[in-house]
$ cat start30.txt   # compact mmCIF, C-alpha atoms
# COMPACT_ATOMS: atom_id res chain seq x y z
CA THR A 1 -118.52 -45.25 1.83
CA TRP A 2 -115.44 -47.33 1.25
CA THR A 3 -114.36 -50.72 2.50
CA THR A 4 -111.41 -51.23 4.82
CA LYS A 5 -109.94 -54.71 5.00
CA ILE A 6 -107.34 -55.92 7.44
CA ILE A 7 -105.73 -58.88 5.72
CA ALA A 8 -103.53 -61.31 7.62
CA THR A 9 -101.67 -63.42 5.10
CA THR A 10 -99.10 -66.15 5.22
CA THR A 11 -95.94 -66.04 3.17
CA THR A 12 -96.73 -69.34 1.48
CA ILE A 13 -95.98 -68.94 -2.21
CA GLY A 14 -97.89 -70.64 -4.99
CA GLN A 15 -101.22 -71.56 -3.43
CA LYS A 16 -102.95 -73.26 -6.36
CA VAL A 17 -106.00 -71.65 -7.87
CA GLU A 18 -108.81 -74.12 -8.45
CA ASN A 19 -108.94 -73.52 -12.19
CA ARG A 20 -107.75 -71.20 -14.92
CA GLY A 21 -111.18 -69.58 -15.04
CA GLN A 22 -110.64 -68.22 -11.56
CA ILE A 23 -107.46 -66.53 -12.73
CA GLN A 24 -109.27 -65.06 -15.70
CA GLY A 25 -112.00 -63.82 -13.41
CA ILE A 26 -109.68 -61.52 -11.49
CA ALA A 27 -108.76 -59.37 -14.46
CA HIS A 28 -111.00 -59.99 -17.44
CA HIS A 29 -111.77 -56.29 -17.76
CA PRO A 30 -109.78 -55.42 -19.84
CA PRO A 31 -108.66 -58.86 -21.09
CA LYS A 32 -105.39 -57.55 -22.56
CA LEU A 33 -104.04 -57.05 -19.04
CA LEU A 34 -104.63 -60.70 -18.18
CA SER A 35 -103.06 -61.77 -21.46
CA ALA A 36 -99.98 -59.64 -20.77
CA ILE A 37 -99.54 -61.08 -17.27
CA LEU A 38 -100.03 -64.65 -18.42
CA GLU A 39 -97.57 -64.15 -21.27
CA GLU A 40 -94.87 -62.45 -19.23
CA PHE A 41 -95.12 -64.30 -15.90
CA LYS A 42 -96.80 -67.58 -16.92
CA PHE A 43 -99.25 -66.63 -14.17
CA GLU A 44 -101.36 -69.71 -13.46
CA GLU A 45 -101.65 -69.55 -9.69
CA MET A 46 -102.19 -66.90 -7.06
CA THR A 47 -100.58 -66.49 -3.68
CA PRO A 48 -102.81 -65.85 -0.64
CA ILE A 49 -102.24 -62.08 -0.70
CA GLN A 50 -103.17 -61.99 -4.40
CA GLN A 51 -106.28 -64.08 -3.82
CA GLN A 52 -107.49 -61.73 -1.10
CA SER A 53 -106.57 -58.31 -2.46
CA ILE A 54 -106.90 -58.42 -6.26
CA PRO A 55 -110.60 -59.39 -6.54
CA LEU A 56 -111.54 -56.96 -3.75
CA ALA A 57 -109.80 -54.03 -5.44
CA ILE A 58 -111.04 -54.84 -8.93
CA GLU A 59 -114.62 -55.39 -7.83
CA ASN A 60 -114.72 -52.01 -6.07
CA LEU A 61 -112.38 -50.21 -8.56
CA THR A 62 -112.02 -47.28 -6.13
CA MET A 63 -112.89 -46.49 -2.50
CA VAL A 64 -111.35 -49.62 -1.01
CA ASP A 65 -108.49 -49.56 1.49
CA ILE A 66 -106.41 -52.72 1.85
CA ILE A 67 -104.02 -53.08 4.77
CA ALA A 68 -102.02 -56.26 4.51
CA ASN A 69 -99.41 -58.13 6.48
CA ALA A 70 -97.31 -59.31 3.55
CA LYS A 71 -93.60 -60.04 3.48
CA THR A 72 -91.13 -60.09 0.62
CA GLY A 73 -91.79 -63.16 -1.52
CA SER A 74 -95.53 -63.21 -0.83
CA GLY A 75 -96.48 -62.00 -4.31
CA LYS A 76 -97.51 -58.55 -3.10
CA THR A 77 -96.03 -56.65 -6.05
CA LEU A 78 -98.52 -58.16 -8.50
CA ALA A 79 -101.19 -57.93 -5.80
CA PHE A 80 -101.11 -54.13 -6.06
CA LEU A 81 -99.86 -53.69 -9.63
CA ILE A 82 -102.69 -55.67 -11.24
CA PRO A 83 -105.44 -53.48 -9.68
CA CYS A 84 -103.50 -50.29 -10.49
CA LEU A 85 -103.02 -51.21 -14.14
CA HIS A 86 -106.56 -52.57 -14.35
CA TYR A 87 -107.89 -49.20 -13.21
CA LEU A 88 -105.73 -47.18 -15.60
CA LEU A 89 -106.72 -49.35 -18.56
CA THR A 90 -110.40 -49.43 -17.64
CA LYS A 91 -110.48 -45.63 -17.35
CA LYS A 92 -108.45 -45.32 -20.59
CA PHE A 93 -105.74 -43.13 -19.09
CA ARG A 94 -103.55 -41.18 -21.49
CA ALA A 95 -100.53 -38.95 -20.89
CA SER A 96 -102.77 -35.88 -20.75
CA ASP A 97 -104.68 -37.37 -17.78
CA GLY A 98 -101.59 -37.29 -15.59
CA LEU A 99 -101.14 -39.37 -12.47
CA GLY A 100 -103.63 -42.16 -11.78
CA ALA A 101 -101.63 -44.49 -9.53
CA LEU A 102 -98.74 -43.78 -7.16
CA ILE A 103 -96.53 -46.43 -5.57
CA LEU A 104 -94.16 -45.42 -2.76
CA ALA A 105 -91.17 -47.58 -1.80
CA PRO A 106 -88.64 -47.00 0.99
CA THR A 107 -85.46 -47.53 -1.05
CA ARG A 108 -84.12 -46.97 -4.54
CA GLU A 109 -83.51 -50.68 -4.88
CA LEU A 110 -87.13 -51.62 -4.17
CA ALA A 111 -88.44 -48.83 -6.39
CA ILE A 112 -86.29 -50.13 -9.25
CA GLN A 113 -87.51 -53.70 -8.68
CA ILE A 114 -91.17 -52.64 -8.79
CA HIS A 115 -90.53 -50.49 -11.86
CA GLN A 116 -88.93 -53.47 -13.60
CA VAL A 117 -92.09 -55.51 -13.03
CA VAL A 118 -94.14 -52.65 -14.51
CA GLU A 119 -91.79 -52.60 -17.51
CA ARG A 120 -92.27 -56.32 -18.08
CA ILE A 121 -96.06 -56.00 -18.09
CA MET A 122 -96.02 -52.88 -20.25
CA LYS A 123 -93.72 -54.55 -22.75
CA GLN A 124 -96.54 -57.00 -23.42
CA LEU A 125 -99.29 -54.36 -23.33
CA SER A 126 -97.55 -52.00 -25.73
CA THR A 127 -96.99 -54.44 -28.58
CA GLY A 128 -99.11 -55.01 -31.67
CA GLU A 129 -102.76 -54.03 -31.41
CA ASN A 130 -102.33 -52.84 -27.84
CA SER A 131 -99.67 -50.20 -28.63
CA LYS A 132 -102.26 -47.40 -28.72
CA ASP A 133 -103.24 -48.19 -25.12
CA CYS A 134 -99.77 -47.59 -23.71
CA ILE A 135 -99.83 -46.30 -20.13
CA GLN A 136 -97.12 -43.77 -19.32
CA TYR A 137 -95.03 -44.76 -16.32
CA ALA A 138 -91.88 -43.59 -14.54
CA CYS A 139 -89.54 -44.30 -11.66
CA ILE A 140 -88.93 -41.18 -9.53
CA MET A 141 -86.18 -41.38 -6.91
CA GLY A 142 -83.27 -39.63 -5.31
CA GLY A 143 -79.98 -40.00 -7.13
CA SER A 144 -81.58 -39.64 -10.56
CA SER A 145 -81.75 -36.49 -12.68
CA LYS A 146 -84.46 -34.33 -11.19
CA GLN A 147 -84.76 -32.29 -14.39
CA ALA A 148 -85.23 -35.38 -16.53
CA GLU A 149 -87.92 -36.58 -14.11
CA ALA A 150 -89.60 -33.17 -14.17
CA ASN A 151 -89.75 -33.26 -17.96
CA GLN A 152 -91.44 -36.67 -17.80
CA LEU A 153 -93.96 -35.44 -15.25
CA LYS A 154 -94.79 -32.35 -17.30
CA ASN A 155 -95.43 -34.54 -20.35
CA GLY A 156 -97.79 -36.71 -18.32
CA VAL A 157 -97.19 -39.91 -16.33
CA ASN A 158 -100.05 -42.23 -15.33
CA LEU A 159 -98.22 -44.62 -12.99
CA ILE A 160 -95.32 -43.57 -10.77
CA VAL A 161 -93.04 -45.71 -8.64
CA ALA A 162 -91.18 -43.40 -6.28
CA THR A 163 -89.24 -42.87 -3.11
CA PRO A 164 -91.10 -40.41 -0.86
CA GLY A 165 -88.48 -37.68 -0.58
CA ARG A 166 -88.03 -37.12 -4.30
CA LEU A 167 -91.75 -37.46 -5.02
CA LEU A 168 -92.56 -34.82 -2.39
CA ASP A 169 -89.94 -32.54 -3.94
CA HIS A 170 -91.69 -32.77 -7.32
CA LEU A 171 -95.14 -32.25 -5.82
CA GLN A 172 -93.91 -29.03 -4.25
CA THR A 173 -91.76 -27.64 -7.07
CA THR A 174 -92.51 -29.19 -10.47
CA LYS A 175 -94.99 -27.16 -12.47
CA ASN A 176 -97.63 -28.83 -14.65
CA PHE A 177 -97.33 -32.10 -12.70
CA ARG A 178 -100.95 -33.22 -12.92
CA THR A 179 -102.22 -35.26 -9.96
CA ASP A 180 -105.93 -34.42 -9.85
CA LYS A 181 -106.97 -37.85 -11.16
CA CYS A 182 -104.83 -39.91 -8.79
CA ALA A 183 -107.07 -42.74 -7.55
CA TYR A 184 -104.59 -45.38 -6.31
CA TRP A 185 -101.97 -44.94 -3.61
CA VAL A 186 -99.68 -47.81 -2.60
CA LEU A 187 -97.35 -47.81 0.41
CA ASP A 188 -95.05 -50.80 0.01
CA GLU A 189 -92.93 -52.03 2.94
CA ALA A 190 -94.70 -49.56 5.24
CA ASP A 191 -92.69 -50.57 8.29
CA MET A 192 -89.47 -49.82 6.42
CA LEU A 193 -90.87 -46.50 5.19
CA ILE A 194 -91.18 -45.55 8.86
CA ASP A 195 -87.82 -46.99 9.88
CA VAL A 196 -85.92 -44.91 7.31
CA GLY A 197 -87.68 -41.72 8.37
CA PHE A 198 -90.32 -41.08 5.69
CA GLU A 199 -93.33 -40.77 7.99
CA GLN A 200 -93.58 -36.97 7.73
CA ALA A 201 -92.92 -36.98 3.98
CA ILE A 202 -95.76 -39.47 3.51
CA LYS A 203 -98.05 -37.35 5.64
CA ARG A 204 -97.26 -34.33 3.49
CA ILE A 205 -97.70 -36.28 0.24
CA GLY A 206 -101.09 -37.48 1.46
CA SER A 207 -102.16 -33.91 2.13
CA LEU A 208 -101.09 -32.78 -1.35
CA LEU A 209 -102.79 -35.59 -3.25
CA PRO A 210 -106.47 -35.12 -4.12
CA ASN A 211 -109.43 -37.47 -3.78
CA LYS A 212 -108.69 -38.73 -0.26
CA GLU A 213 -112.36 -39.63 0.19
CA THR A 214 -112.50 -41.80 -2.92
CA ARG A 215 -108.99 -43.06 -3.67
CA THR A 216 -107.92 -46.63 -3.06
CA THR A 217 -105.03 -47.19 -0.65
CA PHE A 218 -102.86 -50.30 -0.44
CA LEU A 219 -100.60 -50.55 2.59
CA PHE A 220 -98.30 -53.56 2.76
CA SER A 221 -96.09 -54.23 5.75
CA ALA A 222 -94.01 -57.16 6.95
CA THR A 223 -94.99 -56.21 10.50
CA LEU A 224 -98.09 -54.48 11.86
CA THR A 225 -96.73 -52.33 14.68
CA GLN A 226 -98.11 -49.27 16.44
CA LYS A 227 -96.05 -47.07 14.12
CA VAL A 228 -97.60 -48.79 11.12
CA ASP A 229 -101.03 -48.19 12.68
CA ASP A 230 -100.12 -44.50 12.94
CA LEU A 231 -99.13 -44.51 9.26
CA VAL A 232 -102.48 -46.09 8.43
CA ALA A 233 -104.21 -43.21 10.19
CA ILE A 234 -102.16 -40.73 8.17
CA SER A 235 -102.59 -42.40 4.80
CA LEU A 236 -106.29 -43.29 4.80

$ encode --input "start30.txt" --output "structure tokens"
Amino acid sequence: TWTTKIIATTTTIGQKVENRGQIQGIAHHPPKLLSAILEEFKFEEMTPIQQQSIPLAIENLTMVDIIANAKTGSGKTLAFLIPCLHYLLTKKFRASDGLGALILAPTRELAIQIHQVVERIMKQLSTGENSKDCIQYACIMGGSSKQAEANQLKNGVNLIVATPGRLLDHLQTTKNFRTDKCAYWVLDEADMLIDVGFEQAIKRIGSLLPNKETRTTFLFSATLTQKVDDLVAISL
């Protein structure tokens, strides 16, 4: 069975962690991920959403669903990226493994912002001795070259940040897009995903992705409305 957590968080930023050891404890397997985050973000404190979601996801690795009331500025991006990257590194994902973690965002702008955070972490992970452990990642969204994206997907991408419409298009039409090992699914700004009309696309994506019984789902929303509850029912 899996664990479902309803997390009510504040938007207070920078709640101090008691000591550095507690930070190290959230991501010491593998330690290079912690080192990369500390180096790039000078990460010495966790926000409430990070304190509640990161240890839970890492401890369980898979089969944990986290539904969180978290607004912009709460630190939610690292709250879901750290577990996703932790999983991919722990399982030693390579390009040939295909998709391991999918992050859906409601707008191009948010997708780009999340992708930029991934790039910053990967810049640290892919240098020196860690270069052989490079996770393949991509940003898939409307307005970009679909053919260029398809070529990336065929070559193998482990972590995808995407807008739902374009991602669904690739799931339905791009050959050799491997998704059978996808274990993490993140719905960021879930209320906005609904507001801009992606509810049906998300439902279809969920039906096309494997491992529904065992995958980990993160759903972050600034508001927890009935429509968000309906999206929870679709996505879990």

$ atom_distance --input "start30.txt" --atom1 "CA of Glu59 in chain A" --atom2 "CA of Phe80 in chain A"
13.7 Å

$ closest_residue --input "start30.txt" --among "A:Gln124, A:Ser35, A:Phe41, A:Asp191" --to "Thr225 in chain A" --atoms "only C-alpha atoms"
A:Asp191

$ residues_around --input "start30.txt" --residues "Arg120 in chain A" --least-positions-apart "5" --cutoff "10 Å" --atoms "all atoms listed in the file" --output "short mmCIF file (atom, residue, chain, number, x, y, z; two decimals) with C-alpha atoms, in the frame of the given file"
data_model
loop_
_atom_site.label_atom_id
_atom_site.label_comp_id
_atom_site.auth_asym_id
_atom_site.auth_seq_id
_atom_site.Cartn_x
_atom_site.Cartn_y
_atom_site.Cartn_z
CA ALA A 36 -99.98 -59.64 -20.77
CA ILE A 37 -99.54 -61.08 -17.27
CA GLU A 39 -97.57 -64.15 -21.27
CA GLU A 40 -94.87 -62.45 -19.23
CA PHE A 41 -95.12 -64.30 -15.90
CA HIS A 115 -90.53 -50.49 -11.86
CA LEU A 125 -99.29 -54.36 -23.33
#

$ atom_distance --input "start30.txt" --atom1 "CA of Pro48 in chain A" --atom2 "CA of Lys92 in chain A"
29.2 Å

$ closest_residue --input "start30.txt" --among "A:Val117, A:Ile67, A:Ile82, A:Val157" --to "Ser96 in chain A" --atoms "all atoms listed in the file"
A:Val157

$ residues_near_point --input "start30.txt" --point "(-88.0, -43.2, 2.1)" --cutoff "9 Å" --atoms "all atoms listed in the file" --output "CSV table (one decimal) with C-alpha atoms, in the coordinates of the input"
chain,number,residue,atom,x,y,z
A,104,LEU,CA,-94.2,-45.4,-2.8
A,105,ALA,CA,-91.2,-47.6,-1.8
A,106,PRO,CA,-88.6,-47.0,1.0
A,107,THR,CA,-85.5,-47.5,-1.0
A,108,ARG,CA,-84.1,-47.0,-4.5
A,162,ALA,CA,-91.2,-43.4,-6.3
A,163,THR,CA,-89.2,-42.9,-3.1
A,164,PRO,CA,-91.1,-40.4,-0.9
A,165,GLY,CA,-88.5,-37.7,-0.6
A,166,ARG,CA,-88.0,-37.1,-4.3
A,192,MET,CA,-89.5,-49.8,6.4
A,193,LEU,CA,-90.9,-46.5,5.2
A,194,ILE,CA,-91.2,-45.6,8.9
A,195,ASP,CA,-87.8,-47.0,9.9
A,196,VAL,CA,-85.9,-44.9,7.3
A,197,GLY,CA,-87.7,-41.7,8.4
A,198,PHE,CA,-90.3,-41.1,5.7
A,199,GLU,CA,-93.3,-40.8,8.0
A,201,ALA,CA,-92.9,-37.0,4.0
A,202,ILE,CA,-95.8,-39.5,3.5

$ atom_distance --input "start30.txt" --atom1 "CA of Cys182 in chain A" --atom2 "CA of Ala233 in chain A"
19.3 Å

$ residues_around --input "start30.txt" --residues "Arg178 in chain A" --least-positions-apart "3" --cutoff "9 Å" --atoms "all atoms listed in the file" --output "VMD selection string"
chain A and resid 96 to 99 153 to 154 156 to 157 175 181 to 182
